[in-house]
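Chemist: Just one file: input.tsv, with TSV, C-alpha atoms.
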```
chain	number	residue	atom	x	y	z
W	833	MET	CA	19.87	13.37	-17.06
W	834	ARG	CA	16.14	13.47	-16.35
W	835	ASP	CA	14.91	12.60	-12.90
W	836	ALA	CA	11.46	11.78	-11.53
W	837	VAL	CA	10.02	13.71	-8.60
W	838	ILE	CA	6.80	13.70	-6.56
W	839	VAL	CA	5.22	17.14	-6.47
W	840	GLU	CA	1.98	16.27	-4.68
W	841	ALA	CA	0.58	13.27	-2.77
W	842	VAL	CA	-2.90	12.82	-1.32
W	843	ARG	CA	-5.20	10.13	0.01
W	844	THR	CA	-8.67	9.68	1.38
W	845	PRO	CA	-9.20	8.79	5.00
W	846	ILE	CA	-9.34	5.00	5.24
W	847	GLY	CA	-12.73	3.52	6.03
W	848	LYS	CA	-13.67	0.12	7.39
W	849	GLY	CA	-14.27	-2.24	4.49
W	850	LYS	CA	-17.73	-3.41	5.41
W	851	PRO	CA	-21.32	-2.19	5.08
W	852	GLY	CA	-21.67	0.56	7.64
W	853	GLY	CA	-18.08	1.71	7.14
W	854	ALA	CA	-17.60	5.44	6.73
W	855	LEU	CA	-16.82	5.24	3.00
W	856	HIS	CA	-19.15	2.38	2.08
W	857	PRO	CA	-21.75	4.69	0.43
W	858	VAL	CA	-19.14	6.00	-2.04
W	859	HIS	CA	-18.73	4.25	-5.41
W	860	PRO	CA	-15.05	3.33	-5.96
W	861	VAL	CA	-14.91	5.40	-9.16
W	862	GLU	CA	-15.99	8.46	-7.14
W	863	LEU	CA	-13.55	7.58	-4.35
W	864	LEU	CA	-10.61	7.58	-6.76
W	865	GLY	CA	-11.99	10.46	-8.79
W	866	GLY	CA	-12.10	12.60	-5.67
W	867	VAL	CA	-8.42	12.19	-4.87
W	868	ILE	CA	-7.40	12.71	-8.50
W	869	LYS	CA	-9.38	15.96	-8.59
W	870	ALA	CA	-7.87	17.11	-5.29
W	871	LEU	CA	-4.36	16.17	-6.43
W	872	VAL	CA	-4.61	18.29	-9.58
W	873	GLU	CA	-6.22	21.21	-7.73
W	874	ARG	CA	-3.60	21.20	-4.98
W	875	ALA	CA	-0.78	21.16	-7.51
W	876	GLY	CA	-2.43	23.90	-9.54
W	877	VAL	CA	-1.51	22.33	-12.88
W	878	ASP	CA	-3.40	22.43	-16.14
W	879	PRO	CA	-4.96	18.93	-16.31
W	880	ALA	CA	-4.55	18.95	-20.09
W	881	LEU	CA	-0.79	18.63	-19.51
W	882	ILE	CA	-1.16	15.22	-17.83
W	883	ASP	CA	0.26	12.55	-20.13
W	884	ASP	CA	-1.22	9.49	-18.41
W	885	VAL	CA	-2.97	8.22	-15.29
W	886	ILE	CA	-1.97	4.77	-14.05
W	887	GLY	CA	-4.02	3.31	-11.21
W	888	GLY	CA	-3.82	0.18	-9.09
W	889	CYS	CA	-6.82	-1.99	-8.23
W	890	VAL	CA	-6.87	-5.64	-7.19
W	891	ASP	CA	-10.45	-6.89	-7.49
W	892	GLN	CA	-11.22	-5.55	-10.96
W	893	VAL	CA	-14.81	-6.73	-11.15
W	894	GLY	CA	-18.28	-5.26	-10.62
W	895	GLU	CA	-17.98	-1.59	-9.68
W	896	GLN	CA	-14.20	-1.81	-10.13
W	897	ALA	CA	-14.33	-3.35	-13.61
W	898	GLN	CA	-13.59	-2.04	-17.09
W	899	ASN	CA	-10.57	0.16	-16.30
W	900	THR	CA	-11.71	1.95	-13.15
W	901	THR	CA	-8.89	4.49	-13.46
W	902	ARG	CA	-10.21	5.82	-16.77
W	903	TRP	CA	-13.68	6.40	-15.36
W	904	ALA	CA	-12.26	7.93	-12.18
W	905	MET	CA	-10.15	10.53	-14.01
W	906	LEU	CA	-13.10	11.43	-16.23
W	907	SER	CA	-15.30	11.73	-13.14
W	908	ALA	CA	-12.62	14.02	-11.69
W	909	GLY	CA	-13.13	16.35	-14.64
W	910	LEU	CA	-9.85	15.73	-16.44
W	911	PRO	CA	-9.96	16.27	-20.22
W	912	GLU	CA	-11.08	13.35	-22.34
W	913	SER	CA	-7.71	13.57	-24.11
W	914	VAL	CA	-5.92	12.29	-20.99
W	915	PRO	CA	-5.53	8.48	-21.11
W	916	ALA	CA	-5.63	6.08	-18.16
W	917	THR	CA	-5.07	2.44	-17.38
W	918	THR	CA	-5.47	0.11	-14.40
W	919	VAL	CA	-2.81	-2.36	-13.22
W	920	ASP	CA	-2.80	-5.29	-10.81
W	921	ARG	CA	0.26	-6.35	-8.88
W	922	GLN	CA	-1.91	-7.39	-5.98
W	923	CYS	CA	-1.23	-5.42	-2.76
W	924	GLY	CA	1.55	-3.47	-4.48
W	925	SER	CA	-0.59	-2.36	-7.42
W	926	SER	CA	-0.37	1.39	-6.86
W	927	GLN	CA	3.29	1.22	-5.84
W	928	GLN	CA	3.85	-0.48	-9.19
W	929	ALA	CA	1.85	2.36	-10.78
W	930	VAL	CA	4.38	4.77	-9.23
W	931	HIS	CA	7.20	2.77	-10.77
W	932	PHE	CA	5.59	2.76	-14.20
W	933	VAL	CA	4.92	6.51	-14.11
W	934	ALA	CA	8.39	7.37	-12.81
W	935	GLN	CA	10.03	5.14	-15.41
W	936	GLY	CA	7.97	6.90	-18.09
W	937	VAL	CA	9.17	10.28	-16.84
W	938	LEU	CA	12.79	9.10	-16.70
W	939	ALA	CA	12.53	7.75	-20.24
W	940	GLY	CA	11.06	10.98	-21.56
W	941	ALA	CA	7.76	9.32	-22.49
W	942	TYR	CA	5.91	11.42	-19.90
W	943	ASP	CA	6.40	14.96	-18.63
W	944	LEU	CA	3.60	14.91	-16.08
W	945	ALA	CA	1.60	11.87	-14.95
W	946	ILE	CA	-0.44	10.49	-12.07
W	947	ALA	CA	0.03	7.23	-10.17
W	948	CYS	CA	-2.92	6.27	-8.01
W	949	GLY	CA	-5.01	3.42	-6.63
W	950	VAL	CA	-8.35	2.47	-5.16
W	951	GLU	CA	-10.09	-0.39	-3.41
W	952	SER	CA	-13.59	-0.44	-1.97
W	953	MET	CA	-13.54	-3.70	-0.07
W	954	SER	CA	-16.99	-3.04	1.40
W	955	ARG	CA	-18.60	-2.78	-2.04
W	956	VAL	CA	-16.33	-5.21	-3.93
W	957	PRO	CA	-15.26	-7.86	-1.40
W	958	MET	CA	-11.88	-9.54	-1.65
W	959	TRP	CA	-11.80	-12.40	-4.18
W	960	SER	CA	-14.93	-11.11	-5.95
W	961	ASN	CA	-13.03	-11.52	-9.21
W	962	VAL	CA	-12.83	-15.31	-8.76
W	963	SER	CA	-16.15	-16.95	-9.57
W	964	PRO	CA	-17.12	-20.05	-7.55
W	965	GLY	CA	-15.98	-23.23	-9.23
W	966	THR	CA	-13.42	-21.51	-11.46
W	967	ASP	CA	-9.66	-22.07	-11.49
W	968	PRO	CA	-7.67	-18.88	-12.16
W	969	LEU	CA	-4.32	-20.71	-12.00
W	970	GLY	CA	-4.50	-23.47	-14.60
W	971	PRO	CA	-2.94	-26.95	-14.87
W	972	GLY	CA	0.67	-25.77	-15.08
W	973	ILE	CA	0.53	-24.31	-11.59
W	974	ALA	CA	-1.21	-27.44	-10.28
W	975	SER	CA	1.64	-29.49	-11.71
W	976	ARG	CA	4.38	-27.25	-10.32
W	977	TYR	CA	2.76	-27.01	-6.87
W	978	PRO	CA	0.97	-30.36	-6.49
W	979	ASP	CA	0.14	-29.79	-2.82
W	980	GLY	CA	-1.62	-26.57	-3.71
W	981	LEU	CA	-0.94	-22.93	-2.92
W	982	LEU	CA	-1.87	-21.44	0.44
W	983	PRO	CA	-4.11	-18.72	1.80
W	984	GLN	CA	-2.16	-15.65	2.86
W	985	GLY	CA	-3.04	-16.22	6.51
W	986	ILE	CA	-1.34	-19.63	6.43
W	987	SER	CA	1.69	-18.03	4.78
W	988	ALA	CA	1.76	-15.49	7.62
W	989	GLU	CA	1.65	-18.36	10.13
W	990	LEU	CA	4.52	-20.13	8.34
W	991	ILE	CA	6.57	-16.93	8.48
W	992	ALA	CA	5.90	-16.62	12.21
W	993	ALA	CA	7.06	-20.22	12.68
W	994	LYS	CA	10.16	-19.92	10.45
W	995	TRP	CA	11.39	-16.77	12.19
W	996	SER	CA	10.33	-17.94	15.68
W	997	LEU	CA	7.91	-15.06	16.23
W	998	PRO	CA	5.67	-15.75	19.25
W	999	ARG	CA	2.09	-14.55	19.55
W	1000	GLU	CA	3.06	-11.98	22.20
W	1001	LEU	CA	5.55	-10.34	19.83
W	1002	LEU	CA	3.01	-10.16	17.01
W	1003	ASP	CA	0.46	-8.57	19.32
W	1004	SER	CA	3.01	-6.14	20.74
W	1005	PHE	CA	3.87	-5.02	17.21
W	1006	ALA	CA	0.16	-4.46	16.51
W	1007	VAL	CA	-0.29	-2.37	19.65
W	1008	THR	CA	2.66	-0.20	18.64
W	1009	SER	CA	1.13	0.33	15.19
W	1010	HIS	CA	-2.13	1.57	16.73
W	1011	LEU	CA	-0.39	3.81	19.27
W	1012	ARG	CA	1.84	5.38	16.62
W	1013	ALA	CA	-1.11	5.97	14.29
W	1014	ALA	CA	-3.24	7.40	17.08
W	1015	THR	CA	-0.42	9.74	18.12
W	1016	ALA	CA	0.20	10.85	14.54
W	1017	ARG	CA	-3.50	11.57	14.08
W	1018	ALA	CA	-3.71	13.51	17.34
W	1019	GLU	CA	-0.68	15.58	16.35
W	1020	GLY	CA	-2.12	16.36	12.93
W	1021	LEU	CA	0.59	14.52	11.02
W	1022	PHE	CA	-1.90	13.13	8.48
W	1023	THR	CA	-3.63	16.46	7.85
W	1024	ASP	CA	-1.61	17.45	4.78
W	1025	GLU	CA	-2.15	14.13	2.99
W	1026	ILE	CA	-5.85	13.49	3.69
W	1027	VAL	CA	-8.54	14.71	1.30
W	1028	PRO	CA	-11.98	14.86	3.00
W	1029	VAL	CA	-14.66	12.68	1.41
W	1030	ALA	CA	-18.23	13.96	1.31
W	1031	VAL	CA	-20.63	11.23	2.47
W	1032	ASP	CA	-24.33	11.88	3.01
W	1033	GLY	CA	-23.86	15.58	3.67
W	1034	ARG	CA	-20.84	15.31	5.96
W	1035	ASN	CA	-17.08	15.17	5.45
W	1036	VAL	CA	-15.19	12.04	6.47
W	1037	THR	CA	-11.70	13.13	7.52
W	1038	ILE	CA	-10.23	10.50	9.87
W	1039	ASP	CA	-8.98	6.94	9.47
W	1040	GLU	CA	-11.63	4.66	10.86
W	1041	SER	CA	-9.62	1.56	11.83
W	1042	ILE	CA	-7.23	3.15	14.36
W	1043	ARG	CA	-7.92	1.84	17.87
W	1044	PRO	CA	-6.12	4.08	20.40
W	1045	GLY	CA	-7.34	1.99	23.33
W	1046	THR	CA	-6.07	-1.38	22.15
W	1047	SER	CA	-3.75	-3.32	24.44
W	1048	LEU	CA	-1.92	-6.62	24.75
W	1049	GLU	CA	-4.69	-7.85	27.04
W	1050	ILE	CA	-7.39	-7.06	24.48
W	1051	LEU	CA	-5.46	-8.65	21.61
W	1052	ALA	CA	-4.66	-11.75	23.68
W	1053	ASP	CA	-8.38	-12.58	23.82
W	1054	LEU	CA	-8.64	-12.87	20.01
W	1055	ARG	CA	-8.75	-16.35	18.51
W	1056	PRO	CA	-6.35	-17.39	15.72
W	1057	ALA	CA	-7.96	-16.33	12.46
W	1058	PHE	CA	-6.70	-19.10	10.18
W	1059	GLU	CA	-6.51	-22.24	12.36
W	1060	ASP	CA	-7.33	-25.27	10.24
W	1061	ARG	CA	-7.02	-28.97	11.10
W	1062	ALA	CA	-5.86	-30.01	7.63
W	1063	MET	CA	-3.20	-27.28	7.60
W	1064	ALA	CA	-2.15	-28.26	11.13
W	1065	ASP	CA	-1.49	-31.80	9.90
W	1066	ARG	CA	0.43	-30.51	6.88
W	1067	PHE	CA	2.44	-27.91	8.82
W	1068	PRO	CA	2.89	-29.10	12.40
W	1069	GLN	CA	5.37	-26.26	13.06
W	1070	ILE	CA	2.58	-23.66	12.98
W	1071	GLN	CA	1.69	-22.28	16.42
W	1072	TRP	CA	-1.53	-20.51	15.31
W	1073	SER	CA	-0.61	-17.00	16.42
W	1074	VAL	CA	-1.99	-14.83	13.59
W	1075	THR	CA	-5.24	-13.09	14.55
W	1076	ALA	CA	-7.43	-10.30	13.26
W	1077	GLY	CA	-5.66	-8.06	15.76
W	1078	ASN	CA	-2.14	-8.55	14.39
W	1079	SER	CA	-3.22	-8.50	10.72
W	1080	SER	CA	-4.37	-5.67	8.49
W	1081	PRO	CA	-8.15	-5.18	8.33
W	1082	LEU	CA	-10.37	-4.88	5.25
W	1083	ASN	CA	-10.74	-1.28	4.11
W	1084	ASP	CA	-11.97	1.29	1.63
W	1085	GLY	CA	-9.76	4.08	0.31
W	1086	ALA	CA	-8.00	5.80	-2.56
W	1087	SER	CA	-4.73	7.69	-3.01
W	1088	ALA	CA	-2.72	9.46	-5.70
W	1089	VAL	CA	0.65	11.09	-6.41
W	1090	LEU	CA	1.66	13.53	-9.14
W	1091	ILE	CA	5.03	12.83	-10.75
W	1092	THR	CA	7.14	14.90	-13.12
W	1093	SER	CA	10.81	15.80	-13.66
W	1094	SER	CA	12.68	18.54	-11.81
W	1095	GLU	CA	13.02	20.45	-15.07
W	1096	ILE	CA	9.29	20.37	-15.82
W	1097	ALA	CA	8.47	21.13	-12.19
W	1098	ASN	CA	10.61	24.26	-12.43
W	1099	LYS	CA	8.92	25.34	-15.67
W	1100	LEU	CA	5.47	24.86	-14.12
W	1101	GLY	CA	6.36	26.49	-10.81
W	1102	LEU	CA	5.93	23.26	-8.85
W	1103	ARG	CA	7.93	22.41	-5.74
W	1104	PRO	CA	9.11	18.76	-5.62
W	1105	LYS	CA	8.57	16.92	-2.35
W	1106	ALA	CA	10.91	13.98	-3.03
W	1107	ARG	CA	12.93	12.39	-5.81
W	1108	LEU	CA	12.15	8.81	-6.85
W	1109	HIS	CA	15.70	7.57	-6.45
W	1110	SER	CA	15.62	3.81	-7.16
W	1111	PHE	CA	13.15	1.00	-7.91
W	1112	ALA	CA	13.06	-2.77	-7.61
W	1113	VAL	CA	10.52	-5.53	-8.01
W	1114	CYS	CA	11.11	-9.21	-7.35
W	1115	GLY	CA	9.45	-12.58	-7.17
W	1116	SER	CA	9.63	-14.92	-4.18
W	1117	ASP	CA	8.35	-18.29	-2.97
W	1118	PRO	CA	4.58	-18.28	-3.68
W	1119	LEU	CA	3.98	-20.59	-0.70
W	1120	LEU	CA	5.58	-18.30	1.88
W	1121	MET	CA	4.33	-15.62	-0.52
W	1122	LEU	CA	4.87	-12.59	1.73
W	1123	THR	CA	8.66	-12.69	2.17
W	1124	GLY	CA	9.51	-10.83	-1.05
W	1125	VAL	CA	10.07	-7.62	0.94
W	1126	ILE	CA	13.41	-9.07	2.10
W	1127	PRO	CA	15.04	-9.65	-1.33
W	1128	ALA	CA	13.29	-6.55	-2.73
W	1129	THR	CA	14.96	-4.42	-0.04
W	1130	GLU	CA	18.35	-5.95	-0.81
W	1131	LYS	CA	17.82	-5.39	-4.53
W	1132	VAL	CA	16.77	-1.76	-4.31
W	1133	LEU	CA	19.62	-0.91	-1.94
W	1134	ARG	CA	22.08	-2.53	-4.33
W	1135	ARG	CA	20.68	-0.56	-7.24
W	1136	SER	CA	20.68	2.69	-5.30
W	1137	GLY	CA	24.26	2.38	-4.10
W	1138	LEU	CA	23.02	3.03	-0.57
W	1139	ARG	CA	23.42	1.03	2.62
W	1140	LEU	CA	20.67	0.21	5.08
W	1141	GLU	CA	22.27	2.68	7.50
W	1142	ASP	CA	21.74	5.48	4.97
W	1143	ILE	CA	17.96	5.08	5.11
W	1144	ASP	CA	16.30	7.37	7.63
W	1145	LEU	CA	12.73	6.06	7.37
W	1146	PHE	CA	11.10	2.83	6.22
W	1147	GLU	CA	7.54	1.95	5.25
W	1148	VAL	CA	7.02	-1.82	5.23
W	1149	ASN	CA	3.40	-2.68	4.59
W	1150	GLU	CA	1.81	-4.33	7.60
W	1151	ALA	CA	-0.21	-6.97	5.81
W	1152	PHE	CA	0.58	-9.11	8.85
W	1153	ALA	CA	2.80	-8.35	11.84
W	1154	SER	CA	4.88	-11.45	11.08
W	1155	VAL	CA	5.89	-10.03	7.68
W	1156	VAL	CA	7.43	-6.86	9.10
W	1157	LEU	CA	9.02	-8.67	12.06
W	1158	ALA	CA	10.67	-11.21	9.75
W	1159	TRP	CA	11.89	-8.33	7.56
W	1160	LEU	CA	13.33	-6.62	10.64
W	1161	GLN	CA	15.19	-9.79	11.66
W	1162	GLU	CA	16.69	-10.29	8.22
W	1163	THR	CA	17.65	-6.68	7.51
W	1164	GLY	CA	18.65	-5.54	10.99
W	1165	ALA	CA	16.82	-2.24	10.45
W	1166	ASP	CA	16.08	-0.04	13.45
W	1167	PRO	CA	12.41	-0.63	14.45
W	1168	ALA	CA	12.18	3.00	15.58
W	1169	ARG	CA	12.54	4.07	11.93
W	1170	VAL	CA	9.91	1.69	10.56
W	1171	ASN	CA	6.27	2.78	10.04
W	1172	VAL	CA	6.80	5.74	12.34
W	1173	ASN	CA	3.22	6.98	11.97
W	1174	GLY	CA	1.70	3.52	12.28
W	1175	GLY	CA	1.05	1.01	9.53
W	1176	ALA	CA	-1.70	-0.96	7.85
W	1177	ILE	CA	-2.60	-2.93	10.99
W	1178	ALA	CA	-3.88	0.35	12.44
W	1179	LEU	CA	-4.54	2.57	9.43
W	1180	GLY	CA	-5.92	-0.13	7.16
W	1181	HIS	CA	-5.07	-1.80	3.86
W	1182	PRO	CA	-7.37	-0.90	0.94
W	1183	LEU	CA	-5.47	-3.19	-1.41
W	1184	GLY	CA	-5.15	-1.26	-4.67
W	1185	ALA	CA	-4.72	2.07	-2.87
W	1186	SER	CA	-2.10	1.03	-0.34
W	1187	GLY	CA	1.02	1.62	-2.44
W	1188	THR	CA	0.36	5.30	-3.03
W	1189	ARG	CA	-1.17	5.64	0.45
W	1190	LEU	CA	2.09	4.51	2.00
W	1191	MET	CA	3.98	6.85	-0.32
W	1192	ALA	CA	1.86	9.86	0.63
W	1193	THR	CA	2.42	9.10	4.31
W	1194	LEU	CA	6.14	8.48	3.77
W	1195	VAL	CA	6.72	11.70	1.80
W	1196	ASN	CA	5.08	13.69	4.60
W	1197	ALA	CA	7.01	11.82	7.31
W	1198	MET	CA	10.27	12.64	5.52
W	1199	ARG	CA	9.45	16.34	5.69
W	1200	GLN	CA	8.23	16.14	9.28
W	1201	ARG	CA	11.38	14.36	10.47
W	1202	GLY	CA	14.00	15.92	8.22
W	1203	ALA	CA	14.83	12.59	6.56
W	1204	ARG	CA	17.07	12.47	3.49
W	1205	TYR	CA	16.42	8.90	2.30
W	1206	ALA	CA	13.40	6.67	2.78
W	1207	LEU	CA	12.53	3.16	1.59
W	1208	GLN	CA	9.08	1.68	0.95
W	1209	THR	CA	8.41	-2.00	0.33
W	1210	MET	CA	5.27	-4.14	0.09
W	1211	CYS	CA	4.65	-7.88	-0.01
W	1212	GLU	CA	2.25	-9.12	-2.67
W	1213	ALA	CA	0.09	-12.18	-3.22
W	1214	GLY	CA	1.61	-14.81	-5.46
W	1215	GLY	CA	5.07	-14.20	-4.04
W	1216	MET	CA	6.24	-10.73	-5.19
W	1217	ALA	CA	7.33	-7.40	-3.73
W	1218	ASN	CA	8.05	-3.84	-4.81
W	1219	ALA	CA	10.63	-1.56	-3.24
W	1220	THR	CA	11.24	2.16	-3.79
W	1221	VAL	CA	13.88	4.54	-2.44
W	1222	LEU	CA	12.93	8.20	-2.08
W	1223	GLU	CA	15.34	11.10	-1.65
W	1224	ALA	CA	14.36	14.41	-0.05
W	1225	LEU	CA	14.85	17.57	-2.05
```
Show the structure stored in the file as structure tokens.
Modeler:
Amino acid sequence: MRDAVIVEAVRTPIGKGKPGGALHPVHPVELLGGVIKALVERAGVDPALIDDVIGGCVDQVGEQAQNTTRWAMLSAGLPESVPATTVDRQCGSSQQAVHFVAQGVLAGAYDLAIACGVESMSRVPMWSNVSPGTDPLGPGIASRYPDGLLPQGISAELIAAKWSLPRELLDSFAVTSHLRAATARAEGLFTDEIVPVAVDGRNVTIDESIRPGTSLEILADLRPAFEDRAMADRFPQIQWSVTAGNSSPLNDGASAVLITSSEIANKLGLRPKARLHSFAVCGSDPLLMLTGVIPATEKVLRRSGLRLEDIDLFEVNEAFASVVLAWLQETGADPARVNVNGGAIALGHPLGASGTRLMATLVNAMRQRGARYALQTMCEAGGMANATVLEAL
């Protein structure tokens, strides 16, 4: 039987997603093109052998419009004969790209392909693809959800209320994320996965959003980010505990992984880093929206034939601290094994790039810690989640 393996995984450093951020001067096509070029060069493969490039991007408008992935791989110097497409499963877009590529390899449709993602939130702000006065949902959704859908921040507040997660716990989780990320950076644990980005004659090499000096006292001074009188009347259970400090920031970044089969890897002289063991994707309540990581984890474990106790490392995307803390309560996973090198609250969350960013970090953490199995899961807007199990080789 064919398998699907990751033979290389890279990412840019993650910049702050605002004018003045380290990566703001870089066009998103060049941001993604840079990591694709580095991925192919590091692997040492003939780019003409690549069967497809599938990239994730959320706000596909402006500089990220018209199939960004195609322009990025051409900018990277890949042959014109290599095709590419861009997918949107919201925050999990590039994790979904991994699934599509791996499934193509398993099916025999691909021998060698790239999954990747990009988001330049400083140049293409979130929600840029929704024009003022337009309705992207339509009358059927208005009929099914007559009270209206919710902003993600309100969903994060509802999760905090439902799982009885106090503000202090959310802030403590955020502090841990920053301390773990700062420690990992200081120890050089991100070195193998980061591709320097040339900006105005200098190389950007470090993640810009990590705050080593943050503390509970500093975070306690932040005001709730989503407090709203109308929402307070509608949801009196909300305690207004979600802040900018215990949520992921806005960021710029790109990432990519190269996937093939063990057989092809052997023929090409490539050394697999991890096997893509099992996949799952699920839908969930679009009001709570961000809880899909819980059923997605259950689903992928069931498909893999593994138990939670078999998993050595977890990456659960830190869109909001309440998401990961609710997941921890429901699964009973050991917090010491979750986001061991910090998560999106510290490192950042460039939407379309985050799936393969997490995977690059997870693959390296598996090697660094001698892990056999690892699980990655991400919540997604609209009430969805992806989950992937990796196996060390």
Chemist: Which residue, W:Pro1081, W:Pro845, W:Pro915, W:Gly1215, has the smallest gap to Val1027 in chain W when you use all atoms listed in the file?
Modeler: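 Closest to Val1027 in chain W of all the choices is W:Pro845.
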Chemist: Enter the distance from CA of Cys923 in chain W to CA of Met1216 in chain W, in Å, rounded to one decimal.
Modeler: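 These two atoms are separated by 9.5 Å.
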Chemist: Which is closer to Gly853 in chain W than all the others in W:Gly1214, W:Ser1041, W:Met833, W:Arg1017, using all atoms listed in the file?
Modeler: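 Under the stated criterion, the closest residue is W:Ser1041.
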Chemist: Report the distance between CA of Ala1088 in chain W and CA of Arg843 in chain W in Å, rounded to one decimal place.
Modeler: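 That distance, rounded to one decimal, is 6.3 Å.
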Chemist: Which residue out of W:Ile1038, W:Leu1122, W:Ala947, W:Lys869 has the minimum interatomic distance to Ala854 in chain W when only C-alpha atoms are used?
Modeler: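 Of all the options, W:Ile1038 lies closest to Ala854 in chain W.
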Chemist: So, counting only C-alpha atoms, which residue among W:Gly1137, W:Gly1124, W:Gly940, W:Gly1020 is closest to Ala1197 in chain W?
Modeler: W:Gly1020
Chemist: Pick out the closest residue to Pro911 in chain W from this set: W:Ala941, W:Ile882, W:Val890, W:Ala1064. Count only C-alpha atoms.
Modeler: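 Using only C-alpha atoms, Pro911 in chain W sits closest to W:Ile882.
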Chemist: Once you count all atoms listed in the file, which residues end up no further than 12 Å from (-8.6, -6.8, -8.4) in the file's frame, shown as an mmCIF file with C-alpha atoms, in the frame of the given file?
Modeler:
```cif
data_model
loop_
_atom_site.group_PDB
_atom_site.id
_atom_site.type_symbol
_atom_site.label_atom_id
_atom_site.label_comp_id
_atom_site.auth_asym_id
_atom_site.auth_seq_id
_atom_site.Cartn_x
_atom_site.Cartn_y
_atom_site.Cartn_z
ATOM 1 C CA GLY W 887 -4.020 3.310 -11.210
ATOM 2 C CA GLY W 888 -3.820 0.180 -9.090
ATOM 3 C CA CYS W 889 -6.820 -1.990 -8.230
ATOM 4 C CA VAL W 890 -6.870 -5.640 -7.190
ATOM 5 C CA ASP W 891 -10.450 -6.890 -7.490
ATOM 6 C CA GLN W 892 -11.220 -5.550 -10.960
ATOM 7 C CA VAL W 893 -14.810 -6.730 -11.150
ATOM 8 C CA GLY W 894 -18.280 -5.260 -10.620
ATOM 9 C CA GLU W 895 -17.980 -1.590 -9.680
ATOM 10 C CA GLN W 896 -14.200 -1.810 -10.130
ATOM 11 C CA ALA W 897 -14.330 -3.350 -13.610
ATOM 12 C CA GLN W 898 -13.590 -2.040 -17.090
ATOM 13 C CA ASN W 899 -10.570 0.160 -16.300
ATOM 14 C CA THR W 900 -11.710 1.950 -13.150
ATOM 15 C CA THR W 918 -5.470 0.110 -14.400
ATOM 16 C CA VAL W 919 -2.810 -2.360 -13.220
ATOM 17 C CA ASP W 920 -2.800 -5.290 -10.810
ATOM 18 C CA ARG W 921 0.260 -6.350 -8.880
ATOM 19 C CA GLN W 922 -1.910 -7.390 -5.980
ATOM 20 C CA CYS W 923 -1.230 -5.420 -2.760
ATOM 21 C CA GLY W 924 1.550 -3.470 -4.480
ATOM 22 C CA SER W 925 -0.590 -2.360 -7.420
ATOM 23 C CA SER W 926 -0.370 1.390 -6.860
ATOM 24 C CA GLY W 949 -5.010 3.420 -6.630
ATOM 25 C CA VAL W 950 -8.350 2.470 -5.160
ATOM 26 C CA GLU W 951 -10.090 -0.390 -3.410
ATOM 27 C CA SER W 952 -13.590 -0.440 -1.970
ATOM 28 C CA MET W 953 -13.540 -3.700 -0.070
ATOM 29 C CA VAL W 956 -16.330 -5.210 -3.930
ATOM 30 C CA PRO W 957 -15.260 -7.860 -1.400
ATOM 31 C CA MET W 958 -11.880 -9.540 -1.650
ATOM 32 C CA TRP W 959 -11.800 -12.400 -4.180
ATOM 33 C CA SER W 960 -14.930 -11.110 -5.950
ATOM 34 C CA ASN W 961 -13.030 -11.520 -9.210
ATOM 35 C CA VAL W 962 -12.830 -15.310 -8.760
ATOM 36 C CA PRO W 1182 -7.370 -0.900 0.940
ATOM 37 C CA LEU W 1183 -5.470 -3.190 -1.410
ATOM 38 C CA GLY W 1184 -5.150 -1.260 -4.670
ATOM 39 C CA ALA W 1185 -4.720 2.070 -2.870
ATOM 40 C CA ALA W 1213 0.090 -12.180 -3.220
#
```
Chemist: Choose the residue, out of W:Thr917, W:Gln1161, W:Gln928, W:Ser1073, that has the smallest atom-to-atom separation from Met1210 in chain W; count all atoms listed in the file.
Modeler: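 Looking only at the distances to Met1210 in chain W, the closest residue turns out to be W:Gln928.
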Chemist: Every residue with an atom at most 10 Å from (1.4, -1.9, 20.3) (file coordinates; only C-alpha atoms) is what I'm after, so could you write them as a PyMOL selection string?
Modeler: chain W and resi 1001-1012+1044+1046-1048+1051+1078+1174+1178
Chemist: Which residues are near Val1132 in chain W? Cut-off 12 Å, all atoms listed in the file, ignore same chain within fewer than 3 positions. Put them as a list in words.
Modeler: Leu1108, His1109, Ser1110, Phe1111, Ala1112, Val1113, Cys1114, Val1125, Ile1126, Pro1127, Ala1128, Thr1129, Arg1135, Ser1136, Gly1137, Leu1138, Arg1139, Leu1140, Ile1143, Ala1206, Leu1207, Gln1208, Thr1209, Ala1217, Asn1218, Ala1219, Thr1220, Val1221 and Leu1222 of chain W
Chemist: Compile the contact shell of Leu982 in chain W as a list in words: residues with an atom at most 8 Å away, counting only C-alpha atoms, same-chain residues fewer than 3 positions apart removed.
Modeler: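 Near Leu982 in chain W, the qualifying residues are Ile986, Ser987 and Leu1119 of chain W.
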Chemist: Output range 1206-1210 of chain W with N, CA and C atoms present, as a short mmCIF file (atom, residue, chain, number, x, y, z; two decimals), in the frame of the given file.
Modeler:
```cif
data_model
loop_
_atom_site.label_atom_id
_atom_site.label_comp_id
_atom_site.auth_asym_id
_atom_site.auth_seq_id
_atom_site.Cartn_x
_atom_site.Cartn_y
_atom_site.Cartn_z
N ALA W 1206 14.44 7.54 2.24
CA ALA W 1206 13.40 6.67 2.78
C ALA W 1206 13.19 5.50 1.83
N LEU W 1207 12.73 4.38 2.38
CA LEU W 1207 12.53 3.16 1.59
C LEU W 1207 11.15 2.61 1.89
N GLN W 1208 10.41 2.29 0.83
CA GLN W 1208 9.08 1.68 0.95
C GLN W 1208 9.08 0.32 0.27
N THR W 1209 8.51 -0.67 0.94
CA THR W 1209 8.41 -2.00 0.33
C THR W 1209 7.10 -2.67 0.75
N MET W 1210 6.55 -3.49 -0.14
CA MET W 1210 5.27 -4.14 0.09
C MET W 1210 5.31 -5.58 -0.39
#
```
